$ cat data05.pdb   # PDB, C-alpha atoms, pLDDT in the B column
MODEL        1
ATOM      1  CA  ASP A   5      87.717  14.956 304.376  1.00 70.00           C
ATOM      2  CA  GLN A   6      89.223  15.729 307.760  1.00 84.00           C
ATOM      3  CA  GLN A   7      92.051  18.211 307.528  1.00 92.00           C
ATOM      4  CA  VAL A   8      92.841  18.102 311.247  1.00 95.00           C
ATOM      5  CA  LYS A   9      92.894  14.709 312.921  1.00 96.00           C
ATOM      6  CA  GLN A  10      93.106  13.742 316.546  1.00 96.00           C
ATOM      7  CA  ASN A  11      93.338   9.981 316.330  1.00 92.00           C
ATOM      8  CA  SER A  12      93.109   9.252 320.046  1.00 95.00           C
ATOM      9  CA  PRO A  13      89.584   9.872 321.328  1.00 94.00           C
ATOM     10  CA  SER A  14      90.745   9.509 324.918  1.00 96.00           C
ATOM     11  CA  LEU A  15      93.833   9.481 327.134  1.00 97.00           C
ATOM     12  CA  SER A  16      94.221   8.518 330.782  1.00 98.00           C
ATOM     13  CA  VAL A  17      97.178   9.736 332.840  1.00 98.00           C
ATOM     14  CA  GLN A  18      98.129   9.701 336.503  1.00 97.00           C
ATOM     15  CA  GLU A  19      98.537  12.949 338.374  1.00 97.00           C
ATOM     16  CA  GLY A  20     102.083  14.266 338.175  1.00 97.00           C
ATOM     17  CA  ARG A  21     102.915  12.424 334.964  1.00 97.00           C
ATOM     18  CA  ILE A  22     103.224  13.863 331.479  1.00 98.00           C
ATOM     19  CA  SER A  23     100.189  14.047 329.168  1.00 98.00           C
ATOM     20  CA  ILE A  24     100.937  14.022 325.440  1.00 98.00           C
ATOM     21  CA  LEU A  25      98.108  14.845 323.068  1.00 98.00           C
ATOM     22  CA  ASN A  26      98.701  14.416 319.366  1.00 98.00           C
ATOM     23  CA  CYS A  27      97.324  16.056 316.261  1.00 98.00           C
ATOM     24  CA  ASP A  28      97.960  15.458 312.559  1.00 97.00           C
ATOM     25  CA  TYR A  29      96.985  17.663 309.650  1.00 97.00           C
ATOM     26  CA  THR A  30      96.857  17.218 305.914  1.00 96.00           C
ATOM     27  CA  ASN A  31      96.728  20.768 304.558  1.00 92.00           C
ATOM     28  CA  SER A  32     100.261  22.030 303.936  1.00 92.00           C
ATOM     29  CA  MET A  33      98.884  25.574 303.721  1.00 90.00           C
ATOM     30  CA  PHE A  34      98.132  25.622 307.453  1.00 91.00           C
ATOM     31  CA  ASP A  35     100.525  27.987 309.162  1.00 88.00           C
ATOM     32  CA  TYR A  36      98.931  28.679 312.519  1.00 90.00           C
ATOM     33  CA  PHE A  37      97.977  26.081 315.112  1.00 93.00           C
ATOM     34  CA  LEU A  38      96.163  26.276 318.419  1.00 92.00           C
ATOM     35  CA  TRP A  39      95.040  24.095 321.295  1.00 95.00           C
ATOM     36  CA  TYR A  40      91.774  24.667 323.122  1.00 95.00           C
ATOM     37  CA  LYS A  41      90.481  23.006 326.275  1.00 96.00           C
ATOM     38  CA  LYS A  42      86.791  22.395 326.824  1.00 94.00           C
ATOM     39  CA  TYR A  43      84.870  21.433 329.948  1.00 94.00           C
ATOM     40  CA  PRO A  44      81.330  20.007 329.673  1.00 89.00           C
ATOM     41  CA  ALA A  45      78.637  22.638 329.087  1.00 86.00           C
ATOM     42  CA  GLU A  46      81.254  25.343 328.537  1.00 91.00           C
ATOM     43  CA  GLY A  47      82.862  26.894 325.501  1.00 93.00           C
ATOM     44  CA  PRO A  48      86.426  26.088 324.421  1.00 93.00           C
ATOM     45  CA  THR A  49      89.153  27.991 326.244  1.00 93.00           C
ATOM     46  CA  PHE A  50      92.294  29.035 324.391  1.00 90.00           C
ATOM     47  CA  LEU A  51      95.403  27.324 325.776  1.00 94.00           C
ATOM     48  CA  ILE A  52      98.398  27.859 323.563  1.00 94.00           C
ATOM     49  CA  SER A  53      99.289  28.484 319.928  1.00 92.00           C
ATOM     50  CA  ILE A  54     102.220  28.144 317.572  1.00 93.00           C
ATOM     51  CA  SER A  55     102.997  29.584 314.170  1.00 90.00           C
ATOM     52  CA  SER A  56     104.684  27.620 311.429  1.00 90.00           C
ATOM     53  CA  ILE A  57     107.934  29.559 311.772  1.00 91.00           C
ATOM     54  CA  LYS A  58     108.499  27.946 315.162  1.00 92.00           C
ATOM     55  CA  ASP A  59     108.828  24.348 316.272  1.00 95.00           C
ATOM     56  CA  LYS A  60     108.137  24.854 319.962  1.00 97.00           C
ATOM     57  CA  ASN A  61     106.163  27.179 322.194  1.00 96.00           C
ATOM     58  CA  GLU A  62     106.008  26.956 325.950  1.00 97.00           C
ATOM     59  CA  ASP A  63     103.626  28.455 328.496  1.00 96.00           C
ATOM     60  CA  GLY A  64     103.965  27.199 332.042  1.00 97.00           C
ATOM     61  CA  ARG A  65     103.036  23.522 332.202  1.00 97.00           C
ATOM     62  CA  PHE A  66     101.964  23.517 328.540  1.00 98.00           C
ATOM     63  CA  THR A  67     104.299  23.056 325.583  1.00 98.00           C
ATOM     64  CA  VAL A  68     103.306  22.677 321.952  1.00 98.00           C
ATOM     65  CA  PHE A  69     105.669  21.065 319.452  1.00 98.00           C
ATOM     66  CA  LEU A  70     105.300  21.411 315.694  1.00 97.00           C
ATOM     67  CA  ASN A  71     106.875  19.086 313.126  1.00 96.00           C
ATOM     68  CA  LYS A  72     106.034  20.606 309.753  1.00 95.00           C
ATOM     69  CA  SER A  73     107.662  17.903 307.676  1.00 95.00           C
ATOM     70  CA  ALA A  74     105.529  15.277 309.386  1.00 96.00           C
ATOM     71  CA  LYS A  75     102.486  17.578 309.540  1.00 96.00           C
ATOM     72  CA  HIS A  76     102.209  16.753 313.208  1.00 97.00           C
ATOM     73  CA  LEU A  77     101.864  18.710 316.402  1.00 96.00           C
ATOM     74  CA  SER A  78     101.615  17.686 320.011  1.00 98.00           C
ATOM     75  CA  LEU A  79     100.650  19.240 323.309  1.00 98.00           C
ATOM     76  CA  HIS A  80     102.638  18.273 326.390  1.00 98.00           C
ATOM     77  CA  ILE A  81     101.261  18.919 329.866  1.00 98.00           C
ATOM     78  CA  VAL A  82     103.775  18.504 332.673  1.00 97.00           C
ATOM     79  CA  PRO A  83     102.961  17.769 335.427  1.00 98.00           C
ATOM     80  CA  SER A  84      99.389  16.718 334.781  1.00 98.00           C
ATOM     81  CA  GLN A  85      96.775  17.710 337.347  1.00 97.00           C
ATOM     82  CA  PRO A  86      93.215  16.425 337.924  1.00 97.00           C
ATOM     83  CA  GLY A  87      91.894  19.856 336.895  1.00 96.00           C
ATOM     84  CA  ASP A  88      93.388  19.264 333.446  1.00 97.00           C
ATOM     85  CA  SER A  89      90.719  16.614 332.805  1.00 97.00           C
ATOM     86  CA  ALA A  90      88.792  17.969 329.816  1.00 97.00           C
ATOM     87  CA  VAL A  91      88.417  17.639 326.063  1.00 96.00           C
ATOM     88  CA  TYR A  92      91.360  19.079 324.145  1.00 97.00           C
ATOM     89  CA  PHE A  93      90.865  20.354 320.613  1.00 96.00           C
ATOM     90  CA  CYS A  94      93.605  20.955 318.105  1.00 96.00           C
ATOM     91  CA  ALA A  95      92.843  23.693 315.544  1.00 93.00           C
ATOM     92  CA  ALA A  96      94.604  25.106 312.494  1.00 92.00           C
ATOM     93  CA  SER A  97      94.204  27.879 309.965  1.00 87.00           C
ATOM     94  CA  GLU A  98      95.720  28.896 306.656  1.00 83.00           C
ATOM     95  CA  ASN A  99      96.385  32.439 307.683  1.00 70.00           C
ATOM     96  CA  GLN A 100      98.081  34.000 310.650  1.00 60.00           C
ATOM     97  CA  ALA A 101      94.851  35.796 311.387  1.00 56.00           C
ATOM     98  CA  GLY A 102      93.372  32.512 312.554  1.00 52.00           C
ATOM     99  CA  THR A 103      89.876  33.318 311.460  1.00 64.00           C
ATOM    100  CA  ALA A 104      88.342  30.214 309.891  1.00 75.00           C
ATOM    101  CA  LEU A 105      89.856  27.724 312.310  1.00 86.00           C
ATOM    102  CA  ILE A 106      89.605  24.034 311.392  1.00 89.00           C
ATOM    103  CA  PHE A 107      89.125  21.901 314.501  1.00 92.00           C
ATOM    104  CA  GLY A 108      89.897  18.268 315.183  1.00 94.00           C
ATOM    105  CA  LYS A 109      87.321  16.072 316.903  1.00 93.00           C
ATOM    106  CA  GLY A 110      89.034  16.335 320.247  1.00 94.00           C
ATOM    107  CA  THR A 111      90.767  14.074 322.768  1.00 97.00           C
ATOM    108  CA  THR A 112      89.278  13.513 326.210  1.00 96.00           C
ATOM    109  CA  LEU A 113      92.013  13.657 328.847  1.00 98.00           C
ATOM    110  CA  SER A 114      91.388  12.066 332.249  1.00 98.00           C
ATOM    111  CA  VAL A 115      93.936  12.743 334.973  1.00 98.00           C
ATOM    112  CA  SER A 116      93.540  10.533 338.049  1.00 96.00           C
ATOM    113  CA  SER A 117      94.861  11.411 341.479  1.00 91.00           C
TER     114      SER A 117
ATOM    115  CA  ASN B  29      83.187  38.384 334.073  1.00 50.00           C
ATOM    116  CA  ALA B  30      82.727  40.213 330.787  1.00 66.00           C
ATOM    117  CA  GLY B  31      83.257  37.187 328.611  1.00 91.00           C
ATOM    118  CA  VAL B  32      81.412  36.237 325.436  1.00 95.00           C
ATOM    119  CA  MET B  33      77.734  35.967 326.321  1.00 96.00           C
ATOM    120  CA  GLN B  34      75.412  33.691 324.434  1.00 97.00           C
ATOM    121  CA  ASN B  35      71.702  33.284 324.935  1.00 96.00           C
ATOM    122  CA  PRO B  36      69.708  31.308 325.300  1.00 97.00           C
ATOM    123  CA  ARG B  37      71.795  28.429 326.673  1.00 96.00           C
ATOM    124  CA  HIS B  38      69.179  25.929 325.553  1.00 97.00           C
ATOM    125  CA  LEU B  39      66.635  26.345 322.793  1.00 98.00           C
ATOM    126  CA  VAL B  40      63.972  23.867 321.743  1.00 98.00           C
ATOM    127  CA  ARG B  41      62.178  24.337 318.457  1.00 98.00           C
ATOM    128  CA  ARG B  42      59.738  22.225 316.469  1.00 97.00           C
ATOM    129  CA  ARG B  43      60.531  21.405 312.860  1.00 97.00           C
ATOM    130  CA  GLY B  44      59.672  24.336 310.633  1.00 97.00           C
ATOM    131  CA  GLN B  45      60.053  26.998 313.296  1.00 98.00           C
ATOM    132  CA  GLU B  46      62.711  29.696 313.394  1.00 98.00           C
ATOM    133  CA  ALA B  47      65.660  29.751 315.788  1.00 98.00           C
ATOM    134  CA  ARG B  48      67.458  32.930 316.808  1.00 98.00           C
ATOM    135  CA  LEU B  49      70.741  32.660 318.661  1.00 98.00           C
ATOM    136  CA  ARG B  50      72.339  35.728 320.200  1.00 98.00           C
ATOM    137  CA  CYS B  51      75.939  36.551 320.957  1.00 97.00           C
ATOM    138  CA  SER B  52      77.414  39.538 322.737  1.00 97.00           C
ATOM    139  CA  PRO B  53      81.187  39.681 322.217  1.00 95.00           C
ATOM    140  CA  MET B  54      83.684  40.521 324.899  1.00 93.00           C
ATOM    141  CA  LYS B  55      84.028  44.193 325.664  1.00 90.00           C
ATOM    142  CA  GLY B  56      86.309  45.839 323.146  1.00 87.00           C
ATOM    143  CA  HIS B  57      85.987  43.004 320.612  1.00 89.00           C
ATOM    144  CA  SER B  58      84.623  43.849 317.194  1.00 89.00           C
ATOM    145  CA  HIS B  59      85.163  40.505 315.457  1.00 91.00           C
ATOM    146  CA  VAL B  60      82.609  37.716 315.884  1.00 94.00           C
ATOM    147  CA  TYR B  61      82.679  34.113 314.696  1.00 94.00           C
ATOM    148  CA  TRP B  62      80.028  31.394 314.768  1.00 96.00           C
ATOM    149  CA  TYR B  63      80.888  27.696 315.011  1.00 95.00           C
ATOM    150  CA  ARG B  64      78.671  24.622 315.151  1.00 96.00           C
ATOM    151  CA  GLN B  65      79.440  21.368 316.961  1.00 93.00           C
ATOM    152  CA  LEU B  66      77.505  18.272 316.011  1.00 89.00           C
ATOM    153  CA  PRO B  67      77.534  15.276 318.397  1.00 82.00           C
ATOM    154  CA  GLU B  68      80.891  13.483 318.449  1.00 79.00           C
ATOM    155  CA  GLU B  69      82.376  16.080 316.099  1.00 84.00           C
ATOM    156  CA  GLY B  70      84.758  18.993 316.380  1.00 85.00           C
ATOM    157  CA  LEU B  71      83.675  22.576 315.973  1.00 91.00           C
ATOM    158  CA  LYS B  72      83.006  23.626 312.398  1.00 92.00           C
ATOM    159  CA  PHE B  73      83.409  27.211 311.250  1.00 91.00           C
ATOM    160  CA  MET B  74      80.278  28.869 309.938  1.00 94.00           C
ATOM    161  CA  VAL B  75      80.738  32.610 309.574  1.00 94.00           C
ATOM    162  CA  TYR B  76      82.995  35.527 310.517  1.00 92.00           C
ATOM    163  CA  LEU B  77      81.608  39.026 310.949  1.00 93.00           C
ATOM    164  CA  GLN B  78      82.750  42.471 311.890  1.00 91.00           C
ATOM    165  CA  LYS B  79      80.368  45.250 312.780  1.00 87.00           C
ATOM    166  CA  GLU B  80      77.741  45.439 310.013  1.00 87.00           C
ATOM    167  CA  ASN B  81      79.838  43.291 307.657  1.00 92.00           C
ATOM    168  CA  ILE B  82      80.064  39.608 306.812  1.00 93.00           C
ATOM    169  CA  ILE B  83      83.732  38.881 306.170  1.00 90.00           C
ATOM    170  CA  ASP B  84      83.687  35.135 305.537  1.00 89.00           C
ATOM    171  CA  GLU B  85      80.594  32.960 305.289  1.00 92.00           C
ATOM    172  CA  SER B  86      82.231  29.998 303.612  1.00 89.00           C
ATOM    173  CA  GLY B  87      80.983  27.611 306.305  1.00 91.00           C
ATOM    174  CA  MET B  88      77.357  28.677 306.268  1.00 94.00           C
ATOM    175  CA  PRO B  89      74.775  26.372 304.686  1.00 94.00           C
ATOM    176  CA  LYS B  90      73.460  27.998 301.530  1.00 90.00           C
ATOM    177  CA  GLU B  91      69.840  28.008 302.637  1.00 95.00           C
ATOM    178  CA  ARG B  92      67.926  28.823 305.820  1.00 97.00           C
ATOM    179  CA  PHE B  93      70.941  30.159 307.724  1.00 98.00           C
ATOM    180  CA  SER B  94      71.866  33.819 308.080  1.00 97.00           C
ATOM    181  CA  ALA B  95      73.965  35.921 310.415  1.00 97.00           C
ATOM    182  CA  GLU B  96      74.267  39.561 311.246  1.00 96.00           C
ATOM    183  CA  PHE B  97      76.268  41.784 313.551  1.00 95.00           C
ATOM    184  CA  PRO B  98      74.545  45.163 313.637  1.00 92.00           C
ATOM    185  CA  LYS B  99      76.122  48.420 314.670  1.00 89.00           C
ATOM    186  CA  GLU B 100      74.254  48.251 317.943  1.00 89.00           C
ATOM    187  CA  GLY B 101      73.367  45.068 319.784  1.00 92.00           C
ATOM    188  CA  PRO B 102      74.430  41.459 319.671  1.00 95.00           C
ATOM    189  CA  SER B 103      75.292  39.262 316.740  1.00 97.00           C
ATOM    190  CA  ILE B 104      72.387  37.065 315.657  1.00 98.00           C
ATOM    191  CA  LEU B 105      72.529  33.649 314.022  1.00 98.00           C
ATOM    192  CA  ARG B 106      69.159  32.915 312.465  1.00 98.00           C
ATOM    193  CA  ILE B 107      67.985  29.516 311.296  1.00 98.00           C
ATOM    194  CA  GLN B 108      64.716  29.441 309.401  1.00 98.00           C
ATOM    195  CA  GLN B 109      62.479  26.381 309.061  1.00 98.00           C
ATOM    196  CA  VAL B 110      64.622  24.270 311.349  1.00 98.00           C
ATOM    197  CA  VAL B 111      65.080  20.553 310.702  1.00 97.00           C
ATOM    198  CA  ARG B 112      66.245  17.799 313.053  1.00 95.00           C
ATOM    199  CA  GLY B 113      69.724  17.905 311.521  1.00 94.00           C
ATOM    200  CA  ASP B 114      70.151  21.458 312.828  1.00 96.00           C
ATOM    201  CA  SER B 115      70.248  20.100 316.393  1.00 96.00           C
ATOM    202  CA  ALA B 116      73.709  20.967 317.659  1.00 96.00           C
ATOM    203  CA  ALA B 117      75.675  23.215 319.962  1.00 96.00           C
ATOM    204  CA  TYR B 118      76.318  26.620 318.411  1.00 97.00           C
ATOM    205  CA  PHE B 119      79.313  28.520 319.731  1.00 97.00           C
ATOM    206  CA  CYS B 120      80.118  32.151 319.245  1.00 96.00           C
ATOM    207  CA  ALA B 121      83.630  33.529 319.597  1.00 94.00           C
ATOM    208  CA  SER B 122      85.045  37.017 319.525  1.00 92.00           C
ATOM    209  CA  SER B 123      88.442  38.627 319.132  1.00 88.00           C
ATOM    210  CA  LYS B 124      89.853  42.092 319.420  1.00 83.00           C
ATOM    211  CA  GLY B 125      91.689  41.943 316.137  1.00 76.00           C
ATOM    212  CA  GLN B 126      91.537  39.521 313.265  1.00 69.00           C
ATOM    213  CA  GLY B 127      92.384  36.495 315.362  1.00 63.00           C
ATOM    214  CA  GLY B 128      95.920  35.155 315.353  1.00 63.00           C
ATOM    215  CA  SER B 129      98.634  34.889 317.962  1.00 61.00           C
ATOM    216  CA  ASN B 130      98.070  38.380 319.311  1.00 65.00           C
ATOM    217  CA  SER B 131      94.317  38.123 319.355  1.00 73.00           C
ATOM    218  CA  PRO B 132      93.074  34.577 319.975  1.00 79.00           C
ATOM    219  CA  LEU B 133      89.411  33.728 319.774  1.00 86.00           C
ATOM    220  CA  HIS B 134      87.445  33.696 323.025  1.00 90.00           C
ATOM    221  CA  PHE B 135      84.408  31.426 323.007  1.00 93.00           C
ATOM    222  CA  GLY B 136      81.058  31.702 324.729  1.00 96.00           C
ATOM    223  CA  ASN B 137      79.413  28.759 326.480  1.00 95.00           C
ATOM    224  CA  GLY B 138      77.247  27.992 323.490  1.00 96.00           C
ATOM    225  CA  THR B 139      73.570  27.561 322.709  1.00 97.00           C
ATOM    226  CA  ARG B 140      72.324  24.010 322.510  1.00 96.00           C
ATOM    227  CA  LEU B 141      69.581  23.818 319.911  1.00 97.00           C
ATOM    228  CA  THR B 142      67.245  20.857 319.956  1.00 97.00           C
ATOM    229  CA  VAL B 143      64.774  20.395 317.114  1.00 97.00           C
ATOM    230  CA  THR B 144      61.860  18.112 317.884  1.00 96.00           C
TER     231      THR B 144
ENDMDL
END

$ encode --input "data05.pdb" --output "structure tokens"
Amino acid sequence: DQQVKQNSPSLSVQEGRISILNCDYTNSMFDYFLWYKKYPAEGPTFLISISSIKDKNEDGRFTVFLNKSAKHLSLHIVPSQPGDSAVYFCAASENQAGTALIFGKGTTLSVSS
Amino acid sequence: NAGVMQNPRHLVRRRGQEARLRCSPMKGHSHVYWYRQLPEEGLKFMVYLQKENIIDESGMPKERFSAEFPKEGPSILRIQQVVRGDSAAYFCASSKGQGGSNSPLHFGNGTRLTVT
């Protein structure tokens, strides 16, 4: 039973365009959401997070949108750069402490120049 | 770079042997988490520890797996009598506080365990 789903295994985008990565969840108790980026042979790197009391959080080129009624969140990267090519994981937790994070399976983003 | 340090990076064990994975958290971090990533899967939570205490082990298999975070030294994830299904990448993460928006988890580069 997957509580966090990333239904697109891969996404290809041209440099300069917008990348939109999507994530759906089933557990209505989740109230804290994060995005991590992972390069091969490295650990995940924290990108951006959002709590359930917000519907948008922005950090530079990265924006996360949360739609609680649809149990859906998305990560927007604008403009996309070749260095953004990586696997992106969506994660969620039931408590603001974010301890036992539940991860999706990831989406591989490829940004071509 | 005083990030989360995991060693070894690669570990090969024969079935039935023991595997010990080590994790030194970032400087100033007293909370440690272990996650496992199977091929083609996301990371799955295993255990959360603070110094000398296991806080949440809800993701740990009931047998053969144990974790500790002693007062001095790194956190250790121990797998006894390894089986082929234990082959995976094991990631350690640390945080200053109890995770959350003010204290996100920082991950190490993982230990890739291969059981032959």

$ closest_residue --input "data05.pdb" --among "B:Asn137, B:Ser115, B:Gln45, B:Gln108" --to "chain A" --atoms "only C-alpha atoms"
B:Asn137

$ residues_around --input "data05.pdb" --residues "range 82-92 of chain A" --least-positions-apart "3" --cutoff "6 Å" --atoms "only C-alpha atoms" --output "count of residues only"
16

$ atom_distance --input "data05.pdb" --atom1 "CA of Arg42 in chain B" --atom2 "CA of Leu77 in chain B"
28.1 Å

$ resolve_selection --input "data05.pdb" --expression "the PyMOL selection byres ((chain B and resi 46-51) around 10)" --output "PyMOL selection string"
chain B and resi 32-45+52-54+60-62+92-97+101-111+114+118-122+136+138-143

$ residues_near_point --input "data05.pdb" --point "(98.7, 21.9, 323.5)" --cutoff "7 Å" --atoms "all atoms listed in the file" --output "compact mmCIF listing (two decimals) with C-alpha atoms, in the frame of the given file"
# COMPACT_ATOMS: atom_id res chain seq x y z
CA TRP A 39 95.04 24.10 321.30
CA LEU A 51 95.40 27.32 325.78
CA ILE A 52 98.40 27.86 323.56
CA PHE A 66 101.96 23.52 328.54
CA THR A 67 104.30 23.06 325.58
CA VAL A 68 103.31 22.68 321.95
CA SER A 78 101.62 17.69 320.01
CA LEU A 79 100.65 19.24 323.31
CA HIS A 80 102.64 18.27 326.39

$ resolve_selection --input "data05.pdb" --expression "the PyMOL selection byres ((chain B) within 8 of (chain A))" --output "ChimeraX atom specification"
/B:61,68-73,75-76,119,126-129,132-138

$ atom_distance --input "data05.pdb" --atom1 "CA of Glu85 in chain B" --atom2 "CA of Tyr63 in chain B"
11.1 Å

$ atom_distance --input "data05.pdb" --atom1 "CA of Ser131 in chain B" --atom2 "CA of Ser86 in chain B"
21.4 Å

$ resolve_selection --input "data05.pdb" --expression "the PyMOL selection byres ((chain B and resi 98) around 6)" --output "number ranges by chain"
B: 79-80, 97, 99-100

$ closest_residue --input "data05.pdb" --among "B:Gly31, B:Lys90, B:Gly113, B:Gly56" --to "Gly125 in chain B" --atoms "only C-alpha atoms"
B:Gly56

$ axis_aligned_box --input "data05.pdb" --around "range 15-19 of chain A" --padding-each-side "8 Å" --output "lines of an AutoDock Vina configuration file"
center_x = 96.2
center_y = 10.7
center_z = 332.8
size_x = 20.7
size_y = 20.4
size_z = 27.2
